[in-house]
There are 2 protein chains.
Amino acid sequence: MNRREQYREQTRQEAKRIALEQLAEHGVPGISVNAIGKRMGVTGPALYRYFANRDALLTELISDAYHDLAETLEAAIAGVRAGRFRAGANAMRDWAKAAPHRYLLLFGTPIPGYEAPEHTLAAASRAMVALLSTVGEDHAKPRRSTLHRQVAAWGERMDYPGLTPRQLHWGLAVWSRLHGYISLEVAGQFALTEIDPELLYRAELDALAGWWDHDS
Amino acid sequence: MNRREQYREQTRQEAKRIALEQLAEHGVPGISVNAIGKRMGVTGPALYRYFANRDALLTELISDAYHDLAETLEAAIAGVRAGRFRAGANAMRDWAKAAPHRYLLLFGTPIPGYEAPEHTLAAASRAMVALLSTVGEDHAKPRRSTLHRQVAAWGERMDYPGLTPRQLHWGLAVWSRLHGYISLEVAGQFALTEIDPELLYRAELDALAGWWDHDS
DNA sequence: CACTGGCGTTATAGCTTCTAACTTTCATTA
DNA sequence: TAATGAAAGTTAGAAGCTATAACGCCAGTG
C-alpha cells in the first residue's frame, strides 16, 4: 500500500470513528458531513474525497457493525463448552446495549434507499451461523411440513451444513426473539414496567433453551 | 365548536392524512413541512399555524397510530370466542403490513428528542391490555421468583386486574416476540430466506399458545 | 356592518447534502 | 534534490430542509 493510500485509509477510519461518536451522541441525524468534518478539523466537502456521499458512509458503518457483531458473537461463543447459547445470546444483548444507536442502525427502521451490499449480507449470515452453532441436538424424528421444507431449502443455501430443519427453525426463532426483546429494551419500551430487563431476557433464553424438551 | 375551529380541525386532519401518505411513499424523511404544504395547495410555513413544529406533527401521527392499533386489536378480538389470541396476533401483523412505515414509526428507531405524551402511553397500554385479554387460564401453582414479583408489581399499575404473574409475563413475551417477528418481516430481513412469513409467524403463535402446556 | 383575529404569503436565517472550480500540498519519480 | 502531477483541501453556490418574522387580506364574529 502506498503512503498516500495509507493516509487515505487513516482518514477514512477517522471519519468513521467520529461518525460513530456522533451516532452515539445524537443518533443517525448526528451523522452529518459538516459536523464530522468540523470535528476532524476540515471542511465538510473535503470528506467527499473519501466517501461518495453520506449514504456511502452510512453503508460502511452498517457493514462494519455487522462484521463487528459477527466477530463479537463468535468470540463470545468460542472456547465456551457449557452454555454456549446463553453466552452468544448475552453477547448479543451486551453488544446492543453498548451502542444502542448502532444496533438500531442494523435492526431499526431501514434507511430509505439503502440496499445491503453482498458482503454485508455475508456478515449478517455469519452472525446467524454463530448463533446456530450453539444449537442443541435434535433427536426428534423428522416431521414433514411446508414450513420445514422451506426451512430446509433455506438451510441448503446457508454455508452451515448438517442441521435439521428443526434446528434451522430454532435459529430463526432465536434471531427473531432476541431481536424482539433487545430492540424493545434498547428503545426503552420496557422502562416503565420497572422490571429488571436482565430477568426478562433470561426467561426468553430459558424458553429457547427448552425448545428441545417439548415438541415444537 | 366554532366554525373557525371546524375549518381549523379539518385542515389539521388533512395535513395528517397527507403526512401519512408521504410516510407510506417516502418514509419518515418524506414527512416534510414543505412537501405536505405543497400537496395541500399552500406554502410550507402556513402549516406552522396548525402545528408548533415538525416534531409536533410527528408526535400526533405516533399518538394516532397507537390509538388506531389499539382499536384494531380490540375490534379483531371482540366477538371472537375461540382463538382470540390468534385473532389478535394476526390483526397486529396485518396492521403492520398494511402500513410498514407507520409500524416502524411506533416500534422502529426512536425519533431523537421525541418523548411520548401521557395519553400515548395510555394507548400503548390499551394495545397491551387487548392482547392480555386473550390470555389462557393459569392453573399452575404460583411460583415465587424475583421476576414474578416484579411482574406482579407492574401488573398492579396496569388497569387490568385479576391476572397472575405468569399471565402477565406471557403478555410481555407475546409483545416482545410478535414485535420481534413483525419488525424483521417488515424490514425485509426474512426476504432472502424465501420462507413463507405466514408459516413462520404461525409457528411463533403456536409456541406462545402452548405456553400453558408446559411449565415456563 | 364594522372589525379583528386567524390565515396565508414572502423574505430570510441557518442548517443540510452535494457539485464545481480553484488552490495548495506533498509523495513519488527522474 | 528538484520537478511534477495527482491527491486533497478550500470557497462558492445550488437546492433542499425547518423555522421565524413581517406583512396583507379577508372571513367569521360580535
# chains A, B, ... in the order shown; residues from 1 in each chain; ligands from 1
>>> interface_residues(of="chain A", to="chain C", cutoff="9 Å", atoms="only C-alpha atoms (C1' of nucleotides)", output="PyMOL selection string")
chain A and resi 3-4+32-34+45+48+53-54
>>> select_by_dssp(residues="chain A", states="alpha helix (DSSP H)", output="ChimeraX atom specification")
/A:3-26,33-40,54-77,84-98,100-107,118-132,146-157,165-186,197-209
>>> residues_around(residues="stretch 158-170 of chain B", least_positions_apart="3", cutoff="7 Å", atoms="only C-alpha atoms (C1' of nucleotides)", output="list of chain:residue names")
B:Val129, B:Val135, B:Asp138, B:His148, B:Val151, B:Ala152, B:Trp154, B:Gly155, B:Ala173, B:Val174
>>> interface_residues(of="chain A", to="chain B", cutoff="9 Å", atoms="only C-alpha atoms", output="PyMOL selection string")
chain A and resi 26-29+101+104-105+107-112+146-147+150-151+153-155+157+169+172-173+175-184+187+189+192-196+199-200+203-204+206-207+210+214+216
>>> interface_residues(of="chain A", to="chain D", cutoff="8 Å", atoms="only C-alpha atoms (C1' of nucleotides)", output="ChimeraX atom specification")
/A:42,46,49
>>> write_last_selection(atoms="C-alpha atoms", output="PDB file, in the first residue's frame")
ATOM      1  CA  VAL A  42     -11.515  20.074   7.843  1.00  0.00           C
ATOM      2  CA  ALA A  46     -13.448  17.631   1.950  1.00  0.00           C
ATOM      3  CA  ARG A  49     -12.908  12.844  -1.451  1.00  0.00           C
TER       4      ARG A  49
END
>>> atom_distance(atom1="atom CA of A:Thr120", atom2="atom CA of A:Thr43")
29.9 Å
>>> residues_around(residues="stretch 70-81 of chain A", least_positions_apart="2", cutoff="7 Å", atoms="only C-alpha atoms (C1' of nucleotides)", output="list in words")
Tyr66, His67, Asp68, Gly83, Arg84, Ala87, Gly88, Ala91, Met92, Ala123, Arg126, Ala127 and Ala130 of chain A
>>> write_last_selection(atoms="C-alpha atoms", output="PDB file, in the first residue's frame")
ATOM      1  CA  TYR A  66     -22.441  -6.338  11.056  1.00  0.00           C
ATOM      2  CA  HIS A  67     -18.910  -7.644  10.928  1.00  0.00           C
ATOM      3  CA  ASP A  68     -18.245  -6.443  14.446  1.00  0.00           C
ATOM      4  CA  GLY A  83     -23.998 -22.771  27.952  1.00  0.00           C
ATOM      5  CA  ARG A  84     -22.785 -21.762  24.542  1.00  0.00           C
ATOM      6  CA  ALA A  87     -23.035 -16.952  26.042  1.00  0.00           C
ATOM      7  CA  GLY A  88     -23.898 -15.958  22.493  1.00  0.00           C
ATOM      8  CA  ALA A  91     -23.091 -11.206  23.993  1.00  0.00           C
ATOM      9  CA  MET A  92     -25.683 -10.029  21.510  1.00  0.00           C
ATOM     10  CA  ALA A 123     -21.621 -10.767   7.701  1.00  0.00           C
ATOM     11  CA  ARG A 126     -22.040 -15.083   9.857  1.00  0.00           C
ATOM     12  CA  ALA A 127     -23.812 -13.759  12.927  1.00  0.00           C
ATOM     13  CA  ALA A 130     -22.610 -18.165  15.131  1.00  0.00           C
TER      14      ALA A 130
END
>>> atom_distance(atom1="atom CA of A:Arg143", atom2="atom CA of B:Thr134")
29.6 Å
>>> decode(residues="stretch 1-29 of chain D", atoms="N, CA and C atoms (P, O5', C5', C4', C3', O3' and C1' of nucleotides)", output="PDB file, in the first residue's frame")
ATOM      1  P    DT D   1      19.009  16.844  -0.211  1.00  0.00           P
ATOM      2  O5'  DT D   1      18.701  17.541  -1.602  1.00  0.00           O
ATOM      3  C5'  DT D   1      19.755  18.143  -2.342  1.00  0.00           C
ATOM      4  C4'  DT D   1      19.172  18.501  -3.694  1.00  0.00           C
ATOM      5  C3'  DT D   1      17.911  19.368  -3.592  1.00  0.00           C
ATOM      6  O3'  DT D   1      17.919  20.248  -4.704  1.00  0.00           O
ATOM      7  C1'  DT D   1      17.394  17.392  -4.734  1.00  0.00           C
ATOM      8  P    DA D   2      17.252  21.671  -4.538  1.00  0.00           P
ATOM      9  O5'  DA D   2      16.576  21.789  -5.979  1.00  0.00           O
ATOM     10  C5'  DA D   2      17.169  21.103  -7.090  1.00  0.00           C
ATOM     11  C4'  DA D   2      16.063  20.682  -8.034  1.00  0.00           C
ATOM     12  C3'  DA D   2      14.848  21.614  -8.037  1.00  0.00           C
ATOM     13  O3'  DA D   2      14.460  21.835  -9.371  1.00  0.00           O
ATOM     14  C1'  DA D   2      14.160  19.408  -7.575  1.00  0.00           C
ATOM     15  P    DA D   3      13.293  22.756  -9.803  1.00  0.00           P
ATOM     16  O5'  DA D   3      12.343  21.731 -10.572  1.00  0.00           O
ATOM     17  C5'  DA D   3      12.931  20.824 -11.494  1.00  0.00           C
ATOM     18  C4'  DA D   3      11.873  19.856 -11.999  1.00  0.00           C
ATOM     19  C3'  DA D   3      10.555  20.496 -12.402  1.00  0.00           C
ATOM     20  O3'  DA D   3      10.073  19.816 -13.544  1.00  0.00           O
ATOM     21  C1'  DA D   3      10.192  18.947 -10.649  1.00  0.00           C
ATOM     22  P    DT D   4       8.759  20.251 -14.290  1.00  0.00           P
ATOM     23  O5'  DT D   4       7.706  19.167 -13.814  1.00  0.00           O
ATOM     24  C5'  DT D   4       8.041  17.783 -13.886  1.00  0.00           C
ATOM     25  C4'  DT D   4       6.902  16.953 -13.336  1.00  0.00           C
ATOM     26  C3'  DT D   4       5.514  17.514 -13.634  1.00  0.00           C
ATOM     27  O3'  DT D   4       4.642  16.450 -13.880  1.00  0.00           O
ATOM     28  C1'  DT D   4       5.736  17.204 -11.347  1.00  0.00           C
ATOM     29  P    DG D   5       3.771  16.308 -15.187  1.00  0.00           P
ATOM     30  O5'  DG D   5       2.546  15.410 -14.716  1.00  0.00           O
ATOM     31  C5'  DG D   5       2.806  14.217 -13.980  1.00  0.00           C
ATOM     32  C4'  DG D   5       1.877  14.120 -12.796  1.00  0.00           C
ATOM     33  C3'  DG D   5       0.433  14.559 -13.071  1.00  0.00           C
ATOM     34  O3'  DG D   5      -0.417  13.632 -12.447  1.00  0.00           O
ATOM     35  C1'  DG D   5       1.240  15.669 -11.194  1.00  0.00           C
ATOM     36  P    DA D   6      -1.725  13.187 -13.147  1.00  0.00           P
ATOM     37  O5'  DA D   6      -2.385  12.277 -12.021  1.00  0.00           O
ATOM     38  C5'  DA D   6      -1.545  11.496 -11.182  1.00  0.00           C
ATOM     39  C4'  DA D   6      -1.848  11.770  -9.729  1.00  0.00           C
ATOM     40  C3'  DA D   6      -3.348  11.865  -9.394  1.00  0.00           C
ATOM     41  O3'  DA D   6      -3.544  11.175  -8.176  1.00  0.00           O
ATOM     42  C1'  DA D   6      -2.258  13.751  -8.576  1.00  0.00           C
ATOM     43  P    DA D   7      -4.947  10.529  -7.843  1.00  0.00           P
ATOM     44  O5'  DA D   7      -5.029  10.722  -6.272  1.00  0.00           O
ATOM     45  C5'  DA D   7      -3.834  10.699  -5.506  1.00  0.00           C
ATOM     46  C4'  DA D   7      -3.896  11.717  -4.398  1.00  0.00           C
ATOM     47  C3'  DA D   7      -5.266  11.834  -3.715  1.00  0.00           C
ATOM     48  O3'  DA D   7      -5.064  11.719  -2.318  1.00  0.00           O
ATOM     49  C1'  DA D   7      -4.466  13.967  -4.297  1.00  0.00           C
ATOM     50  P    DA D   8      -6.249  11.652  -1.304  1.00  0.00           P
ATOM     51  O5'  DA D   8      -6.356  13.157  -0.778  1.00  0.00           O
ATOM     52  C5'  DA D   8      -5.220  13.770  -0.193  1.00  0.00           C
ATOM     53  C4'  DA D   8      -5.539  15.199   0.173  1.00  0.00           C
ATOM     54  C3'  DA D   8      -6.931  15.382   0.786  1.00  0.00           C
ATOM     55  O3'  DA D   8      -6.845  16.311   1.849  1.00  0.00           O
ATOM     56  C1'  DA D   8      -6.688  16.812  -1.031  1.00  0.00           C
ATOM     57  P    DG D   9      -7.881  16.298   3.031  1.00  0.00           P
ATOM     58  O5'  DG D   9      -8.249  17.837   3.215  1.00  0.00           O
ATOM     59  C5'  DG D   9      -7.223  18.784   3.484  1.00  0.00           C
ATOM     60  C4'  DG D   9      -7.531  20.081   2.804  1.00  0.00           C
ATOM     61  C3'  DG D   9      -8.909  20.674   3.102  1.00  0.00           C
ATOM     62  O3'  DG D   9      -8.823  21.673   4.115  1.00  0.00           O
ATOM     63  C1'  DG D   9      -8.319  20.896   0.792  1.00  0.00           C
ATOM     64  P    DT D  10     -10.158  22.415   4.553  1.00  0.00           P
ATOM     65  O5'  DT D  10     -10.337  23.594   3.494  1.00  0.00           O
ATOM     66  C5'  DT D  10      -9.352  24.617   3.401  1.00  0.00           C
ATOM     67  C4'  DT D  10      -9.693  25.553   2.261  1.00  0.00           C
ATOM     68  C3'  DT D  10     -11.081  26.151   2.351  1.00  0.00           C
ATOM     69  O3'  DT D  10     -11.006  27.421   2.982  1.00  0.00           O
ATOM     70  C1'  DT D  10     -10.620  25.366   0.118  1.00  0.00           C
ATOM     71  P    DT D  11     -12.376  28.140   3.401  1.00  0.00           P
ATOM     72  O5'  DT D  11     -12.969  28.684   2.024  1.00  0.00           O
ATOM     73  C5'  DT D  11     -12.248  29.632   1.251  1.00  0.00           C
ATOM     74  C4'  DT D  11     -13.036  29.954  -0.009  1.00  0.00           C
ATOM     75  C3'  DT D  11     -14.436  30.515   0.235  1.00  0.00           C
ATOM     76  O3'  DT D  11     -14.685  31.593  -0.655  1.00  0.00           O
ATOM     77  C1'  DT D  11     -14.597  28.567  -1.106  1.00  0.00           C
ATOM     78  P    DA D  12     -16.014  32.444  -0.517  1.00  0.00           P
ATOM     79  O5'  DA D  12     -16.902  31.841  -1.700  1.00  0.00           O
ATOM     80  C5'  DA D  12     -16.318  31.680  -3.003  1.00  0.00           C
ATOM     81  C4'  DA D  12     -17.381  31.263  -3.991  1.00  0.00           C
ATOM     82  C3'  DA D  12     -18.775  31.818  -3.705  1.00  0.00           C
ATOM     83  O3'  DA D  12     -19.404  32.152  -4.933  1.00  0.00           O
ATOM     84  C1'  DA D  12     -18.846  29.465  -3.677  1.00  0.00           C
ATOM     85  P    DG D  13     -20.847  32.852  -4.931  1.00  0.00           P
ATOM     86  O5'  DG D  13     -21.856  31.669  -5.276  1.00  0.00           O
ATOM     87  C5'  DG D  13     -21.529  30.761  -6.332  1.00  0.00           C
ATOM     88  C4'  DG D  13     -22.461  29.587  -6.300  1.00  0.00           C
ATOM     89  C3'  DG D  13     -23.919  29.930  -5.935  1.00  0.00           C
ATOM     90  O3'  DG D  13     -24.780  29.341  -6.877  1.00  0.00           O
ATOM     91  C1'  DG D  13     -23.160  28.120  -4.664  1.00  0.00           C
ATOM     92  P    DA D  14     -26.225  29.976  -7.119  1.00  0.00           P
ATOM     93  O5'  DA D  14     -27.086  28.682  -7.462  1.00  0.00           O
ATOM     94  C5'  DA D  14     -26.507  27.651  -8.267  1.00  0.00           C
ATOM     95  C4'  DA D  14     -27.106  26.306  -7.913  1.00  0.00           C
ATOM     96  C3'  DA D  14     -28.608  26.338  -7.643  1.00  0.00           C
ATOM     97  O3'  DA D  14     -29.216  25.243  -8.291  1.00  0.00           O
ATOM     98  C1'  DA D  14     -27.487  25.375  -5.815  1.00  0.00           C
ATOM     99  P    DA D  15     -30.741  25.334  -8.651  1.00  0.00           P
ATOM    100  O5'  DA D  15     -31.392  24.399  -7.528  1.00  0.00           O
ATOM    101  C5'  DA D  15     -31.008  23.028  -7.437  1.00  0.00           C
ATOM    102  C4'  DA D  15     -31.439  22.467  -6.115  1.00  0.00           C
ATOM    103  C3'  DA D  15     -32.868  22.862  -5.696  1.00  0.00           C
ATOM    104  O3'  DA D  15     -33.603  21.686  -5.438  1.00  0.00           O
ATOM    105  C1'  DA D  15     -31.352  23.130  -3.919  1.00  0.00           C
ATOM    106  P    DG D  16     -35.168  21.790  -5.196  1.00  0.00           P
ATOM    107  O5'  DG D  16     -35.333  21.470  -3.640  1.00  0.00           O
ATOM    108  C5'  DG D  16     -35.089  20.152  -3.170  1.00  0.00           C
ATOM    109  C4'  DG D  16     -34.678  20.196  -1.735  1.00  0.00           C
ATOM    110  C3'  DG D  16     -35.711  20.719  -0.743  1.00  0.00           C
ATOM    111  O3'  DG D  16     -36.591  19.667  -0.360  1.00  0.00           O
ATOM    112  C1'  DG D  16     -33.493  21.391  -0.173  1.00  0.00           C
ATOM    113  P    DC D  17     -37.861  20.052   0.493  1.00  0.00           P
ATOM    114  O5'  DC D  17     -37.260  20.241   1.958  1.00  0.00           O
ATOM    115  C5'  DC D  17     -36.722  19.132   2.653  1.00  0.00           C
ATOM    116  C4'  DC D  17     -36.105  19.604   3.963  1.00  0.00           C
ATOM    117  C3'  DC D  17     -37.024  20.432   4.833  1.00  0.00           C
ATOM    118  O3'  DC D  17     -37.834  19.583   5.624  1.00  0.00           O
ATOM    119  C1'  DC D  17     -34.845  21.399   4.760  1.00  0.00           C
ATOM    120  P    DT D  18     -39.057  20.209   6.396  1.00  0.00           P
ATOM    121  O5'  DT D  18     -38.361  21.047   7.562  1.00  0.00           O
ATOM    122  C5'  DT D  18     -37.685  20.364   8.598  1.00  0.00           C
ATOM    123  C4'  DT D  18     -37.213  21.340   9.648  1.00  0.00           C
ATOM    124  C3'  DT D  18     -38.331  22.009  10.448  1.00  0.00           C
ATOM    125  O3'  DT D  18     -37.950  22.062  11.815  1.00  0.00           O
ATOM    126  C1'  DT D  18     -37.012  23.666   9.399  1.00  0.00           C
ATOM    127  P    DA D  19     -39.095  22.422  12.885  1.00  0.00           P
ATOM    128  O5'  DA D  19     -39.050  24.013  12.919  1.00  0.00           O
ATOM    129  C5'  DA D  19     -37.831  24.647  13.280  1.00  0.00           C
ATOM    130  C4'  DA D  19     -37.930  26.130  13.030  1.00  0.00           C
ATOM    131  C3'  DA D  19     -39.233  26.800  13.491  1.00  0.00           C
ATOM    132  O3'  DA D  19     -38.948  27.566  14.654  1.00  0.00           O
ATOM    133  C1'  DA D  19     -38.459  27.641  11.408  1.00  0.00           C
ATOM    134  P    DT D  20     -40.095  28.475  15.309  1.00  0.00           P
ATOM    135  O5'  DT D  20     -39.749  29.954  14.802  1.00  0.00           O
ATOM    136  C5'  DT D  20     -38.386  30.359  14.780  1.00  0.00           C
ATOM    137  C4'  DT D  20     -38.287  31.771  14.246  1.00  0.00           C
ATOM    138  C3'  DT D  20     -39.369  32.719  14.731  1.00  0.00           C
ATOM    139  O3'  DT D  20     -38.764  33.949  15.111  1.00  0.00           O
ATOM    140  C1'  DT D  20     -39.328  32.714  12.371  1.00  0.00           C
ATOM    141  P    DA D  21     -39.652  35.110  15.783  1.00  0.00           P
ATOM    142  O5'  DA D  21     -39.797  36.165  14.589  1.00  0.00           O
ATOM    143  C5'  DA D  21     -38.670  36.392  13.752  1.00  0.00           C
ATOM    144  C4'  DA D  21     -38.991  37.498  12.760  1.00  0.00           C
ATOM    145  C3'  DA D  21     -40.063  38.482  13.222  1.00  0.00           C
ATOM    146  O3'  DA D  21     -39.694  39.800  12.812  1.00  0.00           O
ATOM    147  C1'  DA D  21     -40.763  37.446  11.215  1.00  0.00           C
ATOM    148  P    DA D  22     -40.580  41.059  13.305  1.00  0.00           P
ATOM    149  O5'  DA D  22     -41.184  41.591  11.934  1.00  0.00           O
ATOM    150  C5'  DA D  22     -40.357  41.601  10.767  1.00  0.00           C
ATOM    151  C4'  DA D  22     -41.221  41.814   9.544  1.00  0.00           C
ATOM    152  C3'  DA D  22     -42.353  42.830   9.737  1.00  0.00           C
ATOM    153  O3'  DA D  22     -42.413  43.665   8.595  1.00  0.00           O
ATOM    154  C1'  DA D  22     -43.240  40.792   8.971  1.00  0.00           C
ATOM    155  P    DC D  23     -43.314  45.003   8.651  1.00  0.00           P
ATOM    156  O5'  DC D  23     -44.480  44.656   7.626  1.00  0.00           O
ATOM    157  C5'  DC D  23     -44.138  44.129   6.335  1.00  0.00           C
ATOM    158  C4'  DC D  23     -45.349  43.477   5.731  1.00  0.00           C
ATOM    159  C3'  DC D  23     -46.650  44.279   5.854  1.00  0.00           C
ATOM    160  O3'  DC D  23     -47.086  44.671   4.574  1.00  0.00           O
ATOM    161  C1'  DC D  23     -46.989  41.972   6.269  1.00  0.00           C
ATOM    162  P    DG D  24     -48.384  45.656   4.438  1.00  0.00           P
ATOM    163  O5'  DG D  24     -49.497  44.699   3.810  1.00  0.00           O
ATOM    164  C5'  DG D  24     -49.166  43.905   2.667  1.00  0.00           C
ATOM    165  C4'  DG D  24     -50.313  42.971   2.341  1.00  0.00           C
ATOM    166  C3'  DG D  24     -51.689  43.640   2.295  1.00  0.00           C
ATOM    167  O3'  DG D  24     -52.445  43.031   1.262  1.00  0.00           O
ATOM    168  C1'  DG D  24     -51.698  41.948   3.940  1.00  0.00           C
ATOM    169  P    DC D  25     -53.734  43.756   0.673  1.00  0.00           P
ATOM    170  O5'  DC D  25     -54.768  42.554   0.549  1.00  0.00           O
ATOM    171  C5'  DC D  25     -54.263  41.209   0.458  1.00  0.00           C
ATOM    172  C4'  DC D  25     -55.206  40.269   1.156  1.00  0.00           C
ATOM    173  C3'  DC D  25     -56.678  40.683   1.106  1.00  0.00           C
ATOM    174  O3'  DC D  25     -57.414  39.568   0.705  1.00  0.00           O
ATOM    175  C1'  DC D  25     -56.066  40.118   3.300  1.00  0.00           C
ATOM    176  P    DC D  26     -58.751  39.793  -0.179  1.00  0.00           P
ATOM    177  O5'  DC D  26     -59.657  38.586   0.337  1.00  0.00           O
ATOM    178  C5'  DC D  26     -59.060  37.566   1.141  1.00  0.00           C
ATOM    179  C4'  DC D  26     -59.914  37.280   2.366  1.00  0.00           C
ATOM    180  C3'  DC D  26     -61.375  37.765   2.270  1.00  0.00           C
ATOM    181  O3'  DC D  26     -62.170  36.772   2.849  1.00  0.00           O
ATOM    182  C1'  DC D  26     -60.442  38.515   4.250  1.00  0.00           C
ATOM    183  P    DA D  27     -63.384  36.112   1.978  1.00  0.00           P
ATOM    184  O5'  DA D  27     -63.865  34.955   2.970  1.00  0.00           O
ATOM    185  C5'  DA D  27     -62.875  34.214   3.682  1.00  0.00           C
ATOM    186  C4'  DA D  27     -63.276  34.028   5.140  1.00  0.00           C
ATOM    187  C3'  DA D  27     -64.767  33.890   5.375  1.00  0.00           C
ATOM    188  O3'  DA D  27     -64.971  33.038   6.487  1.00  0.00           O
ATOM    189  C1'  DA D  27     -63.987  35.769   6.530  1.00  0.00           C
ATOM    190  P    DG D  28     -66.355  32.260   6.617  1.00  0.00           P
ATOM    191  O5'  DG D  28     -66.541  32.254   8.197  1.00  0.00           O
ATOM    192  C5'  DG D  28     -65.454  31.820   9.009  1.00  0.00           C
ATOM    193  C4'  DG D  28     -65.494  32.515  10.357  1.00  0.00           C
ATOM    194  C3'  DG D  28     -66.834  32.403  11.097  1.00  0.00           C
ATOM    195  O3'  DG D  28     -66.539  32.207  12.469  1.00  0.00           O
ATOM    196  C1'  DG D  28     -66.328  34.700  10.739  1.00  0.00           C
ATOM    197  P    DT D  29     -67.702  31.962  13.492  1.00  0.00           P
ATOM    198  O5'  DT D  29     -67.600  33.340  14.261  1.00  0.00           O
ATOM    199  C5'  DT D  29     -66.303  33.829  14.615  1.00  0.00           C
ATOM    200  C4'  DT D  29     -66.417  35.120  15.384  1.00  0.00           C
ATOM    201  C3'  DT D  29     -67.627  35.200  16.319  1.00  0.00           C
ATOM    202  O3'  DT D  29     -67.195  35.740  17.560  1.00  0.00           O
ATOM    203  C1'  DT D  29     -67.658  37.030  14.819  1.00  0.00           C
TER     204       DT D  29
END
